[in-house]
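Trainee: Handing over model-v4.tsv, TSV, C-alpha atoms.
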chain	number	residue	atom	x	y	z
V	280	MET	CA	-44.37	-38.44	158.45
V	281	ILE	CA	-47.94	-38.75	159.82
V	282	ASN	CA	-49.32	-39.26	156.31
V	283	LEU	CA	-46.72	-41.96	155.73
V	284	ILE	CA	-47.64	-43.77	158.96
V	285	LEU	CA	-51.38	-43.54	158.21
V	286	ALA	CA	-50.76	-44.90	154.70
V	287	PHE	CA	-48.90	-47.93	156.03
V	288	LEU	CA	-51.46	-48.54	158.78
V	289	LYS	CA	-54.06	-48.75	155.99
V	290	ILE	CA	-51.82	-51.05	153.94
V	291	GLY	CA	-51.21	-53.27	156.98
V	292	PHE	CA	-54.75	-53.62	158.26
V	293	LEU	CA	-56.38	-53.93	154.81
V	294	GLY	CA	-53.52	-56.04	153.48
V	295	PHE	CA	-55.05	-59.50	153.26
V	296	GLY	CA	-53.57	-62.21	151.09
V	297	GLY	CA	-49.96	-61.04	151.21
V	298	GLY	CA	-47.48	-59.68	148.65
V	299	TYR	CA	-49.03	-59.15	145.26
V	300	ALA	CA	-52.58	-58.98	146.68
V	301	MET	CA	-51.43	-55.95	148.71
V	302	LEU	CA	-49.55	-54.31	145.86
V	303	SER	CA	-52.55	-52.40	144.46
V	304	LEU	CA	-53.06	-50.92	147.92
V	305	ILE	CA	-49.37	-49.98	148.06
V	306	TYR	CA	-49.64	-48.36	144.62
V	307	ALA	CA	-52.69	-46.32	145.64
V	308	GLN	CA	-51.00	-45.09	148.83
V	309	SER	CA	-47.65	-44.36	147.15
V	310	GLU	CA	-49.48	-42.20	144.62
V	311	GLN	CA	-51.08	-40.24	147.48
V	312	LEU	CA	-47.66	-39.79	149.08
V	313	GLY	CA	-46.41	-38.18	145.87
V	314	LEU	CA	-44.48	-41.01	144.22
V	315	THR	CA	-44.60	-41.19	140.43
V	316	THR	CA	-45.75	-44.24	138.47
V	317	ALA	CA	-42.14	-44.66	137.31
V	318	GLN	CA	-40.92	-44.76	140.92
V	319	PHE	CA	-43.53	-47.41	141.71
V	320	ALA	CA	-42.40	-49.44	138.69
V	321	ASP	CA	-38.82	-49.23	140.01
V	322	LEU	CA	-40.02	-50.42	143.42
V	323	ASN	CA	-41.57	-53.45	141.78
V	324	ALA	CA	-38.33	-54.19	139.93
V	325	LEU	CA	-36.30	-53.86	143.15
V	326	ASP	CA	-38.80	-56.19	144.89
V	327	GLY	CA	-37.81	-58.85	142.39
V	328	MET	CA	-34.11	-58.48	143.18
V	329	ILE	CA	-34.09	-57.94	146.97
V	330	PRO	CA	-35.15	-60.76	149.33
V	331	GLY	CA	-37.93	-60.27	151.84
V	332	PRO	CA	-41.69	-59.66	152.05
V	333	ILE	CA	-43.03	-57.22	149.45
V	334	ALA	CA	-44.81	-55.08	152.07
V	335	ILE	CA	-41.60	-54.63	154.09
V	336	ASN	CA	-39.54	-53.84	150.99
V	337	SER	CA	-42.16	-51.33	149.85
V	338	ALA	CA	-42.37	-49.62	153.24
V	339	THR	CA	-38.58	-49.22	153.38
V	340	TYR	CA	-38.39	-47.93	149.78
V	341	ILE	CA	-41.31	-45.50	150.01
V	342	GLY	CA	-40.13	-44.21	153.40
V	343	GLN	CA	-36.57	-43.69	152.13
V	344	LEU	CA	-37.79	-41.82	149.03
V	345	THR	CA	-40.20	-39.57	150.92
V	346	GLY	CA	-37.94	-38.58	153.82
V	347	GLY	CA	-34.80	-40.66	154.30
V	348	PHE	CA	-33.75	-43.23	156.91
V	349	TRP	CA	-36.13	-42.37	159.79
V	350	PHE	CA	-39.12	-42.35	157.44
V	351	ALA	CA	-38.05	-45.74	156.08
V	352	LEU	CA	-37.79	-47.10	159.62
V	353	ALA	CA	-41.15	-45.61	160.65
V	354	ALA	CA	-42.97	-47.02	157.60
V	355	THR	CA	-41.43	-50.47	158.11
V	356	LEU	CA	-42.35	-50.59	161.82
V	357	THR	CA	-45.88	-49.38	161.03
V	358	VAL	CA	-46.55	-52.11	158.50
V	359	CYS	CA	-45.56	-54.66	161.20
V	360	ILE	CA	-48.23	-53.50	163.67
V	361	PRO	CA	-51.14	-55.75	162.53
V	362	SER	CA	-49.11	-58.96	163.08
V	363	LEU	CA	-48.00	-57.77	166.53
V	364	ILE	CA	-51.62	-57.06	167.53
V	365	PHE	CA	-53.47	-59.99	166.00
V	366	VAL	CA	-51.09	-62.83	166.91
V	367	PRO	CA	-51.22	-62.27	170.72
V	368	LEU	CA	-54.98	-61.61	170.50
V	369	TYR	CA	-55.54	-64.86	168.64
V	370	MET	CA	-53.27	-66.85	170.97
V	371	HIS	CA	-55.14	-65.44	173.95
V	372	TYR	CA	-58.58	-66.40	172.67
V	373	GLU	CA	-57.49	-69.47	170.72
V	374	LYS	CA	-59.54	-71.94	172.74
V	375	ARG	CA	-62.68	-69.86	172.44
V	376	ILE	CA	-62.47	-69.29	168.69
V	377	LYS	CA	-63.73	-72.52	167.21
V	378	SER	CA	-63.52	-71.58	163.55
V	379	ASN	CA	-62.28	-68.36	162.10
V	380	TRP	CA	-64.95	-68.33	159.38
V	381	VAL	CA	-65.01	-64.51	159.40
V	382	LEU	CA	-61.32	-64.26	158.44
V	383	SER	CA	-61.58	-66.91	155.74
V	384	SER	CA	-64.78	-65.28	154.36
V	385	ILE	CA	-63.04	-61.91	154.20
V	386	LEU	CA	-60.18	-63.56	152.31
V	387	LYS	CA	-62.64	-65.17	149.89
V	388	GLY	CA	-64.11	-61.77	149.08
V	389	ILE	CA	-60.79	-59.96	148.88
V	390	MET	CA	-58.79	-62.33	146.66
V	391	PRO	CA	-60.94	-61.85	143.51
V	392	ALA	CA	-60.96	-58.09	144.15
V	393	ALA	CA	-57.17	-58.17	144.59
V	394	ALA	CA	-56.86	-59.95	141.23
V	395	GLY	CA	-58.93	-57.22	139.54
V	396	LEU	CA	-56.99	-54.47	141.31
V	397	ILE	CA	-53.57	-55.84	140.36
V	398	ILE	CA	-54.64	-56.10	136.71
V	399	ALA	CA	-55.59	-52.43	136.94
V	400	VAL	CA	-52.14	-51.53	138.33
V	401	ALA	CA	-50.49	-53.63	135.60
V	402	CYS	CA	-52.56	-51.75	132.98
V	403	THR	CA	-51.52	-48.41	134.51
V	404	LEU	CA	-47.85	-49.43	134.23
V	405	LEU	CA	-48.49	-50.57	130.64
V	406	LEU	CA	-50.03	-47.18	129.82
V	407	SER	CA	-47.15	-45.33	131.44
V	408	THR	CA	-44.21	-47.38	130.12
V	409	VAL	CA	-45.42	-48.26	126.62
V	410	PHE	CA	-48.07	-45.69	125.70
V	411	GLY	CA	-46.60	-42.69	127.55
V	412	VAL	CA	-49.80	-41.57	129.33
V	413	ASP	CA	-50.84	-41.52	132.99
V	414	SER	CA	-54.44	-42.72	132.70
V	415	VAL	CA	-57.03	-43.99	130.25
V	416	PHE	CA	-58.53	-40.49	130.16
V	417	ALA	CA	-55.48	-39.28	128.23
V	418	TRP	CA	-55.95	-41.82	125.42
V	419	ARG	CA	-55.80	-39.13	122.75
V	420	LYS	CA	-52.16	-38.42	123.63
V	421	MET	CA	-51.04	-42.06	123.40
V	422	THR	CA	-47.82	-42.84	121.56
V	423	ILE	CA	-46.14	-46.22	121.27
V	424	ASP	CA	-42.69	-46.87	122.68
V	425	TRP	CA	-41.68	-49.87	120.53
V	426	PRO	CA	-38.52	-50.92	122.46
V	427	ASN	CA	-40.50	-50.96	125.72
V	428	LEU	CA	-43.33	-52.89	124.10
V	429	LEU	CA	-40.77	-55.45	122.92
V	430	VAL	CA	-39.24	-55.68	126.44
V	431	LEU	CA	-42.66	-56.07	128.08
V	432	GLY	CA	-43.73	-58.82	125.70
V	433	LEU	CA	-40.42	-60.67	125.88
V	434	VAL	CA	-40.15	-60.50	129.69
V	435	LEU	CA	-43.78	-61.57	130.17
V	436	GLY	CA	-43.28	-64.49	127.80
V	437	LEU	CA	-40.03	-65.62	129.45
V	438	ASP	CA	-41.55	-65.24	132.91
V	439	LEU	CA	-44.72	-67.21	132.17
V	440	LYS	CA	-43.01	-69.88	130.11
V	441	PHE	CA	-39.67	-70.48	131.88
V	442	HIS	CA	-40.15	-68.83	135.32
V	443	LEU	CA	-36.73	-67.20	134.96
V	444	ASN	CA	-35.27	-65.44	138.00
V	445	PRO	CA	-36.39	-61.75	137.96
V	446	VAL	CA	-32.75	-60.66	138.24
V	447	TRP	CA	-32.03	-62.19	134.80
V	448	LEU	CA	-35.18	-60.68	133.31
V	449	ILE	CA	-34.25	-57.23	134.61
V	450	LEU	CA	-30.75	-57.66	133.19
V	451	ILE	CA	-32.18	-58.63	129.78
V	452	ALA	CA	-34.50	-55.60	129.88
V	453	GLY	CA	-31.61	-53.27	130.77
V	454	VAL	CA	-29.42	-54.60	127.95
V	455	ILE	CA	-32.22	-54.13	125.41
V	456	GLY	CA	-32.80	-50.59	126.72
V	457	ALA	CA	-29.09	-49.76	126.32
V	458	ILE	CA	-28.90	-51.27	122.81
V	459	PHE	CA	-31.85	-49.21	121.58
V	460	TYR	CA	-30.31	-46.07	123.12
V	461	TYR	CA	-27.12	-46.45	121.08
V	462	LEU	CA	-28.83	-47.58	117.85
B	213	MET	CA	-32.34	-66.47	176.01
B	214	GLN	CA	-30.88	-69.27	173.93
B	215	LYS	CA	-34.27	-69.96	172.34
B	216	ASN	CA	-34.64	-66.30	171.42
B	217	TRP	CA	-31.24	-66.24	169.73
B	218	LEU	CA	-32.14	-69.42	167.84
B	219	LEU	CA	-35.50	-67.99	166.70
B	220	PHE	CA	-33.81	-64.78	165.60
B	221	LYS	CA	-31.19	-66.71	163.66
B	222	ILE	CA	-33.68	-69.02	161.94
B	223	TYR	CA	-35.90	-66.19	160.71
B	224	LEU	CA	-32.92	-64.03	159.80
B	225	ILE	CA	-31.57	-66.78	157.55
B	226	ALA	CA	-35.01	-67.58	156.10
B	227	GLY	CA	-35.61	-63.87	155.43
B	228	THR	CA	-32.24	-63.33	153.77
B	229	PHE	CA	-32.47	-66.17	151.31
B	230	THR	CA	-36.11	-66.13	150.22
B	231	PHE	CA	-37.37	-63.75	147.59
B	232	SER	CA	-40.82	-62.13	147.33
B	233	GLY	CA	-41.43	-63.23	150.92
B	234	GLY	CA	-44.53	-64.96	152.17
B	235	MET	CA	-44.57	-68.71	152.24
B	236	ALA	CA	-41.47	-69.12	150.09
B	237	MET	CA	-39.59	-69.31	153.40
B	238	LEU	CA	-41.70	-72.13	154.83
B	239	PRO	CA	-39.42	-75.03	153.77
B	240	VAL	CA	-36.44	-73.36	155.47
B	241	ILE	CA	-38.47	-72.72	158.65
B	242	GLU	CA	-39.72	-76.29	158.65
B	243	ARG	CA	-36.21	-77.73	158.35
B	244	GLU	CA	-34.86	-75.57	161.18
B	245	VAL	CA	-37.81	-75.48	163.59
B	246	VAL	CA	-39.19	-79.02	163.13
B	247	THR	CA	-36.46	-81.30	161.80
B	248	LYS	CA	-33.31	-79.83	163.31
B	249	HIS	CA	-34.29	-78.28	166.62
B	250	HIS	CA	-37.62	-80.02	167.45
B	251	LEU	CA	-39.18	-76.80	168.70
B	252	MET	CA	-42.71	-77.71	167.54
B	253	SER	CA	-44.47	-80.42	165.54
B	254	ARG	CA	-44.87	-80.21	161.77
B	255	ASP	CA	-48.67	-80.17	162.09
B	256	GLU	CA	-48.52	-77.24	164.48
B	257	LEU	CA	-46.22	-75.29	162.17
B	258	TYR	CA	-48.50	-75.87	159.19
B	259	GLU	CA	-51.57	-74.92	161.21
B	260	TYR	CA	-50.00	-71.59	162.16
B	261	SER	CA	-48.75	-71.01	158.62
B	262	THR	CA	-52.22	-71.53	157.16
B	263	LEU	CA	-53.64	-69.26	159.83
B	264	ALA	CA	-51.03	-66.56	159.13
B	265	GLN	CA	-52.19	-66.45	155.50
B	266	THR	CA	-55.71	-65.46	156.53
B	267	PHE	CA	-54.53	-62.61	158.78
B	268	PRO	CA	-54.09	-59.04	157.53
B	269	GLY	CA	-50.52	-57.76	157.36
B	270	VAL	CA	-47.17	-59.22	156.37
B	271	ILE	CA	-47.63	-63.00	156.18
B	272	ALA	CA	-43.99	-63.94	156.84
B	273	LEU	CA	-43.96	-61.71	159.92
B	274	THR	CA	-47.28	-63.09	161.22
B	275	ASN	CA	-45.86	-66.57	160.78
B	276	ALA	CA	-42.72	-65.60	162.72
B	277	CYS	CA	-44.84	-64.06	165.50
B	278	PHE	CA	-46.96	-67.21	165.83
B	279	VAL	CA	-43.98	-69.55	165.97
B	280	GLY	CA	-41.94	-67.28	168.26
B	281	ARG	CA	-44.86	-66.73	170.64
B	282	LYS	CA	-45.62	-70.44	170.80
B	283	ILE	CA	-42.02	-71.42	171.49
B	284	ASN	CA	-40.93	-68.67	173.86
B	285	GLY	CA	-43.79	-66.30	174.71
B	286	ARG	CA	-43.63	-62.56	174.21
B	287	SER	CA	-39.85	-62.29	173.88
B	288	GLY	CA	-39.82	-65.21	171.42
B	289	MET	CA	-42.38	-63.38	169.29
B	290	PHE	CA	-40.26	-60.23	169.31
B	291	TRP	CA	-37.00	-61.95	168.33
B	292	ALA	CA	-38.51	-64.13	165.61
B	293	GLY	CA	-40.34	-61.10	164.15
B	294	PHE	CA	-37.18	-58.98	164.34
B	295	GLY	CA	-35.25	-61.66	162.46
B	296	ALA	CA	-37.95	-61.89	159.78
B	297	VAL	CA	-37.99	-58.13	159.10
B	298	LEU	CA	-34.34	-57.12	159.55
B	299	PRO	CA	-32.76	-58.48	156.33
B	300	ALA	CA	-35.51	-57.07	154.10
B	301	PHE	CA	-35.22	-53.66	155.77
B	302	VAL	CA	-31.41	-53.43	155.63
B	303	LEU	CA	-31.03	-54.79	152.07
B	304	MET	CA	-33.89	-52.69	150.69
B	305	LEU	CA	-32.56	-49.57	152.41
B	306	LEU	CA	-29.13	-50.06	150.80
B	307	ALA	CA	-30.73	-50.84	147.42
B	308	THR	CA	-32.92	-47.71	147.59
B	309	MET	CA	-29.92	-45.52	148.50
B	310	LEU	CA	-27.99	-46.88	145.50
B	311	TYR	CA	-31.08	-46.45	143.32
B	312	GLN	CA	-31.32	-42.79	144.32
B	313	LEU	CA	-27.81	-42.27	142.92
B	314	ILE	CA	-28.77	-43.46	139.41
B	315	PRO	CA	-28.79	-40.47	137.03
B	316	GLN	CA	-32.20	-40.01	135.37
B	317	HIS	CA	-30.87	-39.06	131.93
B	318	GLY	CA	-28.87	-40.48	129.02
B	319	VAL	CA	-28.21	-44.19	128.74
B	320	THR	CA	-29.15	-44.95	132.38
B	321	LEU	CA	-32.59	-43.43	131.79
B	322	ALA	CA	-33.01	-45.65	128.71
B	323	ILE	CA	-32.05	-48.69	130.80
B	324	MET	CA	-34.40	-47.67	133.64
B	325	SER	CA	-37.22	-47.12	131.16
B	326	ALA	CA	-36.78	-50.66	129.80
B	327	ILE	CA	-36.66	-52.05	133.36
B	328	ARG	CA	-39.94	-50.26	134.11
B	329	ALA	CA	-41.49	-52.05	131.13
B	330	ALA	CA	-40.16	-55.34	132.58
B	331	SER	CA	-41.73	-54.33	135.89
B	332	ALA	CA	-45.10	-53.96	134.14
B	333	ALA	CA	-44.59	-57.48	132.74
B	334	PHE	CA	-43.96	-58.82	136.29
B	335	LEU	CA	-47.28	-57.35	137.38
B	336	PHE	CA	-49.16	-58.96	134.47
B	337	SER	CA	-47.53	-62.25	135.40
B	338	ALA	CA	-48.51	-61.82	139.09
B	339	ALA	CA	-52.03	-60.84	138.04
B	340	TYR	CA	-52.24	-63.98	135.92
B	341	SER	CA	-51.40	-66.27	138.82
B	342	LEU	CA	-53.72	-64.42	141.23
B	343	ALA	CA	-56.54	-64.62	138.67
B	344	ARG	CA	-55.93	-68.28	137.88
B	345	TYR	CA	-56.25	-69.35	141.52
B	346	ASN	CA	-59.00	-66.99	142.63
B	347	LEU	CA	-61.37	-66.44	139.70
B	348	ARG	CA	-63.14	-69.78	139.57
B	349	ASP	CA	-66.81	-68.77	139.59
B	350	TRP	CA	-68.91	-66.05	137.97
B	351	ALA	CA	-69.33	-64.02	141.16
B	352	SER	CA	-65.53	-63.77	141.58
B	353	ILE	CA	-64.98	-62.86	137.93
B	354	LEU	CA	-67.66	-60.17	138.13
B	355	LEU	CA	-66.14	-58.73	141.33
B	356	ALA	CA	-62.66	-58.70	139.76
B	357	LEU	CA	-63.96	-56.97	136.62
B	358	LEU	CA	-65.80	-54.34	138.68
B	359	CYS	CA	-62.63	-53.60	140.66
B	360	LEU	CA	-60.58	-53.40	137.45
B	361	VAL	CA	-62.97	-50.96	135.75
B	362	ALA	CA	-63.54	-48.89	138.90
B	363	THR	CA	-59.79	-48.42	139.37
B	364	LEU	CA	-58.89	-47.77	135.72
B	365	PHE	CA	-61.58	-45.09	135.44
B	366	SER	CA	-60.85	-43.67	138.93
B	367	LEU	CA	-64.38	-44.39	140.20
B	368	ALA	CA	-63.26	-45.76	143.58
B	369	SER	CA	-60.01	-46.10	145.50
B	370	ALA	CA	-58.30	-49.42	146.22
B	371	PRO	CA	-58.94	-49.27	150.02
B	372	THR	CA	-62.67	-48.63	149.44
B	373	LEU	CA	-62.93	-51.53	147.00
B	374	ILE	CA	-61.10	-53.86	149.38
B	375	ILE	CA	-63.45	-52.97	152.26
B	376	ILE	CA	-66.48	-53.59	149.98
B	377	ALA	CA	-65.01	-56.94	148.86
B	378	ALA	CA	-64.36	-57.94	152.50
B	379	ALA	CA	-67.97	-57.08	153.39
B	380	LEU	CA	-69.25	-59.13	150.44
B	381	GLY	CA	-67.06	-62.02	151.58
B	382	ILE	CA	-68.49	-61.89	155.10
B	383	ILE	CA	-72.07	-61.77	153.75
B	384	GLY	CA	-71.32	-64.78	151.54
B	385	GLY	CA	-69.73	-66.69	154.41
B	386	TYR	CA	-72.60	-65.86	156.77
B	387	ARG	CA	-75.23	-67.09	154.31
B	388	LYS	CA	-73.30	-70.30	153.74
B	389	ARG	CA	-73.18	-70.90	157.50
B	390	GLY	CA	-76.95	-70.29	157.70
B	391	GLN	CA	-77.56	-72.94	155.04
B	392	GLN	CA	-75.40	-75.49	156.83
B	393	ALA	CA	-77.05	-74.93	160.23
Translate this file's structure into structure tokens.
Mentor:
Amino acid sequence: MINLILAFLKIGFLGFGGGYAMLSLIYAQSEQLGLTTAQFADLNALDGMIPGPIAINSATYIGQLTGGFWFALAATLTVCIPSLIFVPLYMHYEKRIKSNWVLSSILKGIMPAAAGLIIAVACTLLLSTVFGVDSVFAWRKMTIDWPNLLVLGLVLGLDLKFHLNPVWLILIAGVIGAIFYYL
Amino acid sequence: MQKNWLLFKIYLIAGTFTFSGGMAMLPVIEREVVTKHHLMSRDELYEYSTLAQTFPGVIALTNACFVGRKINGRSGMFWAGFGAVLPAFVLMLLATMLYQLIPQHGVTLAIMSAIRAASAAFLFSAAYSLARYNLRDWASILLALLCLVATLFSLASAPTLIIIAAALGIIGGYRKRGQQA
């Protein structure tokens, strides 16, 4: 449980920019806690269907998978700690802090990095779901899963073009998966 | 007491009906806190919401803590925060328990595999919007590319890269301040 709490302290205190900007951090920590890439992909799908902040959803999911209810509760409470510390601190010193240029500078540095990091996580999921390998180092063993490639392309297209609700997109993906299984 | 209950209720409702969190819940909060119950001014709410986005941690929770603290001190902060987190925790816990029951073979595995491919597509879509809003100069593009390559080839971990990026941001901000002074 200590590793879980440390992981979510890291996610909380380094988690600038919210949701998807934090997701690469969540992926890195979930890997260290022993989750598979497939389990992380499932987390991301559940995130799209369940309301609430991504970091809270992730903490609950990863905690539940690694050790059940109490782990889920511990991870969720841990990821809340930064807000509970920084808000009273800021309110207390509000009149003395004229501009929070440090925080906004940090954000300016982190957002481009977060964009690069999330592309990397997306590529890892692409490798794992379509090409059947865990990392770029295993490129010799790559195969192509055509149904999954079709699903990925179709869902990405529908998402970018029509901004469909993720629940519908997941349903479409599931139906295609089932059809190819019985073909 | 009544204010705490109200704060709890507002954030509970906002948390239950907004997906992917963050500032998606702001319109609901604004309607309840500003228009309906006159607990704070619109300007104040927006100021705290902008501020919450620059803080580390869960943005929706930070927002709830700011508003709760402002309206009813420490206990207000607790109840608003509790309301913001509770629905996500309960619903995700139930969803994860159901998910753990799904058999990982046969047709359900085929369906899950396709959903994982959809999940990869969601990430590419999220990456696209993050990149579109944040990669607007060469320095940002270079930093993003370095992070991408370093992660794909396992040269550095995500936390390390984020700390480096934060340091670069502070250096950039400090130099800009020096030029203005």
Trainee: Just want the 12 Å neighbourhood of Gly318 of chain B, counted on only C-alpha atoms, with same-chain residues fewer than 3 positions away dropped. Output as a VMD selection string.
Mentor: (chain V and resid 456 to 457 459 to 461) or (chain B and resid 314 to 315 321 to 325)
Trainee: Which polymer residues have any atom within 7 Å of an atom of Pro391 of chain V, counting all atoms listed in the file, with same-chain residues fewer than 4 positions away left out, as number ranges by chain?
Mentor: V: 395; B: 346-347, 352-353, 355-356
Trainee: Quick one: everything within 9 Å of Gly384 of chain B, counting all atoms listed in the file, minus sequence neighbours fewer than 6 positions away in the same chain. Send it as number ranges by chain.
Mentor: V: 384, 387-388
Trainee: Can you work out which one of V:Leu405, V:Met301, V:Leu312, V:Leu352 has the shortest atom-to-atom distance to Pro332 of chain V, counting only C-alpha atoms?
Mentor: V:Met301
Trainee: Restricting the calculation to only C-alpha atoms: of B:Phe267, B:Tyr223, B:Tyr386, B:Tyr345, which residue gets closest to Pro361 of chain V?
Mentor: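 Checking each of B:Phe267, B:Tyr223, B:Tyr386, B:Tyr345 against Pro361 of chain V, counting only C-alpha atoms, the winner is B:Phe267.
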Trainee: How far is it from atom CA of Gln392 of chain B to atom CA of Leu382 of chain V, in Å with one decimal?
Mentor: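 Atom-to-atom, atom CA of Gln392 of chain B to atom CA of Leu382 of chain V, that is 18.1 Å.
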Trainee: What separation in Å, quoted to one decimal, exists between atom CA of Gly385 of chain B and atom CA of Ala392 of chain V?
Mentor: 16.0 Å
Trainee: Could you list, as a list in words, every residue within 8 Å of Leu283 of chain V, counting all atoms listed in the file and ignoring same-chain residues fewer than 3 positions away?
Mentor: Met280, Ala286, Phe287, Leu312, Gly342, Phe350 and Ala354 of chain V
Trainee: For chain V, which of B:Ala378, B:Leu224, B:Met237, B:Leu313 is the closest residue, counting all atoms listed in the file?
Mentor: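 Under the stated criterion, the closest residue is B:Ala378.
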Trainee: Could you tell me how far atom CA of Gly347 of chain V lies from atom CA of Leu303 of chain B, in Å and to one decimal?
Mentor: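 Spanning atom CA of Gly347 of chain V to atom CA of Leu303 of chain B is a straight-line distance of 14.8 Å.
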Trainee: Between V:Gly411, V:Lys420, V:Gly294, V:Leu285, which one has atoms that come closest to chain B, using only C-alpha atoms?
Mentor: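 Checking each of V:Gly411, V:Lys420, V:Gly294, V:Leu285 against chain B, counting only C-alpha atoms, the winner is V:Gly294.
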Trainee: Of the candidates B:Lys215, B:His249, B:Arg243, B:Lys282, which one gets nearest to chain V if we count all atoms listed in the file?
Mentor: B:Lys282
Trainee: Show me, as a PyMOL selection string, the residues that have an atom within 9 Å of Val279 of chain B when counting all atoms listed in the file, minus same-chain residues fewer than 6 positions from it.
Mentor: chain B and resi 219+245+252+257+260-261+288-289+292
Trainee: Within 6 Å of chain B, which residues of chain V come that close, and what is the closest atom pair and distance in Å for each? Count only C-alpha atoms and give it as CSV.
Mentor:
residue,atom,partner,partner_atom,distance
V:Gly291,CA,B:Gly269,CA,4.6
V:Phe292,CA,B:Pro268,CA,5.5
V:Gly294,CA,B:Pro268,CA,5.1
V:Phe295,CA,B:Pro268,CA,4.4
V:Gly297,CA,B:Ile271,CA,5.8
V:Leu304,CA,B:Ala370,CA,5.7
V:Ala320,CA,B:Arg328,CA,5.3
V:Asn323,CA,B:Ser331,CA,6.0
V:Ala324,CA,B:Ser331,CA,5.3
V:Pro330,CA,B:Phe231,CA,4.1
V:Gly331,CA,B:Ala300,CA,4.6
V:Pro332,CA,B:Gly233,CA,3.8
V:Ile333,CA,B:Ser232,CA,5.8
V:Asn336,CA,B:Met304,CA,5.8
V:Tyr340,CA,B:Thr308,CA,5.9
V:Pro361,CA,B:Gly269,CA,5.6
V:Ser362,CA,B:Thr274,CA,4.9
V:Ser384,CA,B:Gly381,CA,4.9
V:Ile385,CA,B:Ala378,CA,4.5
V:Lys387,CA,B:Gly381,CA,5.7
V:Gly388,CA,B:Gly381,CA,3.9
V:Ile389,CA,B:Ala377,CA,5.2
V:Pro391,CA,B:Ala356,CA,5.2
V:Ala392,CA,B:Ala356,CA,4.7
V:Ala394,CA,B:Ala343,CA,5.3
V:Gly395,CA,B:Ala356,CA,4.0
V:Leu396,CA,B:Leu360,CA,5.4
V:Ile397,CA,B:Ala339,CA,5.7
V:Ile398,CA,B:Ala339,CA,5.6
V:Ala399,CA,B:Leu360,CA,5.1
V:Ala401,CA,B:Leu335,CA,5.2
V:Leu404,CA,B:Ala332,CA,5.3
V:Leu405,CA,B:Ala332,CA,5.9
V:Thr408,CA,B:Ala329,CA,5.5
V:Asn427,CA,B:Ala326,CA,5.5
V:Leu431,CA,B:Ala329,CA,5.2
V:Val434,CA,B:Ala330,CA,5.9
V:Leu435,CA,B:Ala333,CA,4.9
V:Ile449,CA,B:Ile327,CA,5.8
V:Ala452,CA,B:Ile327,CA,5.4
V:Gly453,CA,B:Ile323,CA,4.6
V:Gly456,CA,B:Ile323,CA,4.6
V:Ala457,CA,B:Ile323,CA,5.5
